[in-house]
Amino acid sequence: MTAISRFLGSDHKRCDDLFANTETSVNDGQWDQAAASLNAFVDAVERHFNMEEKVLFPTFEKAIGSTEGPTRVMRMEHEQMRSMMALLKDALMKRDADEFFGHSDTFNTMVQQHNMKEETILYQMTDRVLSGQQEQLISEMNGIVATS
């Protein structure tokens, strides 16, 4: 049985790798490649958020009987990251590397803090609370597509 924490944690890594590709392309002045990489990254992040927001969070909230816990904070952080991704796209469209990397630094810090909270707190809680439902939930999450 695959743990939710392992499944979503590995997806964090996949998203991080896509963003690193974008940063490398911007650094090298390869703007078309950077745009393609950023689009792939945004799609991957939106898919990840949708897996959580449409499958994991509602199931967890139902199990604990509350929407006011850690999932509420994660949803708010998702919105903040969506706003930051829009700023990254805007900087990339202007081909402004300085602006892009200014937003990138902030975004990276935000993402790493968010992922740490999910991986060390929320996902561990979901593994415990949703024990026995993990395979079904992972199957449902695998069926999610990005809606960016």
# chains A, B, ... in the order shown; residues from 1 in each chain; ligands from 1
>>> closest_atom_pairs(of="segment 83-129 of chain A", to="segment 3-21 of chain A", cutoff="8 Å", atoms="only C-alpha atoms", output="Markdown table")
| residue | atom | partner | partner_atom | distance |
| --- | --- | --- | --- | --- |
| A:Asn115 | CA | A:His12 | CA | 7.2 |
| A:Glu119 | CA | A:Gly9 | CA | 6.4 |
| A:Tyr123 | CA | A:Ser5 | CA | 4.8 |
| A:Gln124 | CA | A:Ser5 | CA | 6.2 |
| A:Thr126 | CA | A:Ile4 | CA | 7.2 |
| A:Asp127 | CA | A:Ile4 | CA | 5.9 |
>>> write_last_selection(atoms="N, CA and C atoms", output="compact mmCIF listing (two decimals), in the first residue's frame")
# COMPACT_ATOMS: atom_id res chain seq x y z
N ASN A 115 5.34 23.13 1.55
CA ASN A 115 5.57 21.70 1.37
C ASN A 115 6.03 21.04 2.67
N GLU A 119 4.19 17.94 4.26
CA GLU A 119 4.88 16.66 4.37
C GLU A 119 5.11 16.21 5.80
N TYR A 123 0.16 15.56 5.71
CA TYR A 123 0.16 14.24 5.07
C TYR A 123 0.29 13.12 6.09
N GLN A 124 1.07 13.36 7.14
CA GLN A 124 1.19 12.34 8.19
C GLN A 124 -0.17 12.12 8.87
N THR A 126 -3.12 12.66 7.46
CA THR A 126 -4.02 11.98 6.52
C THR A 126 -3.69 10.49 6.44
N ASP A 127 -2.42 10.14 6.50
CA ASP A 127 -2.05 8.73 6.49
C ASP A 127 -2.69 7.99 7.67
>>> atom_distance(atom1="atom CA of Gln33 of chain A", atom2="atom CA of Met116 of chain A")
29.0 Å
>>> closest_residue(among="A:Met51, A:Met125, A:Val42, A:Leu92", to="Met141 of chain A", atoms="only C-alpha atoms")
A:Met51
>>> atom_distance(atom1="atom CA of Met93 of chain A", atom2="atom CA of Ala40 of chain A")
15.2 Å
>>> atom_distance(atom1="atom CA of Phe107 of chain A", atom2="atom CA of Glu77 of chain A")
11.1 Å
>>> closest_residue(among="A:Ala63, A:Met85, A:Val45, A:Leu38", to="Asp105 of chain A", atoms="only C-alpha atoms")
A:Met85
>>> select_by_dssp(residues="segment 43-127 of chain A", states="alpha helix (DSSP H)", output="number ranges by chain")
A: 43-50, 57-64, 70-93, 97-117, 123-127
>>> closest_residue(among="A:Met84, A:Ala97, A:Leu56, A:Val111", to="Glu140 of chain A", atoms="only C-alpha atoms")
A:Leu56
>>> closest_residue(among="A:Glu79, A:Ser25, A:Ala86, A:Val55", to="Gln134 of chain A", atoms="only C-alpha atoms")
A:Val55
>>> closest_residue(among="A:Asn27, A:Asn142, A:Leu130, A:Asn50", to="Lys62 of chain A", atoms="only C-alpha atoms")
A:Leu130
>>> closest_residue(among="A:Leu137, A:Met110, A:Leu88, A:Asp96", to="Gly29 of chain A", atoms="only C-alpha atoms")
A:Asp96
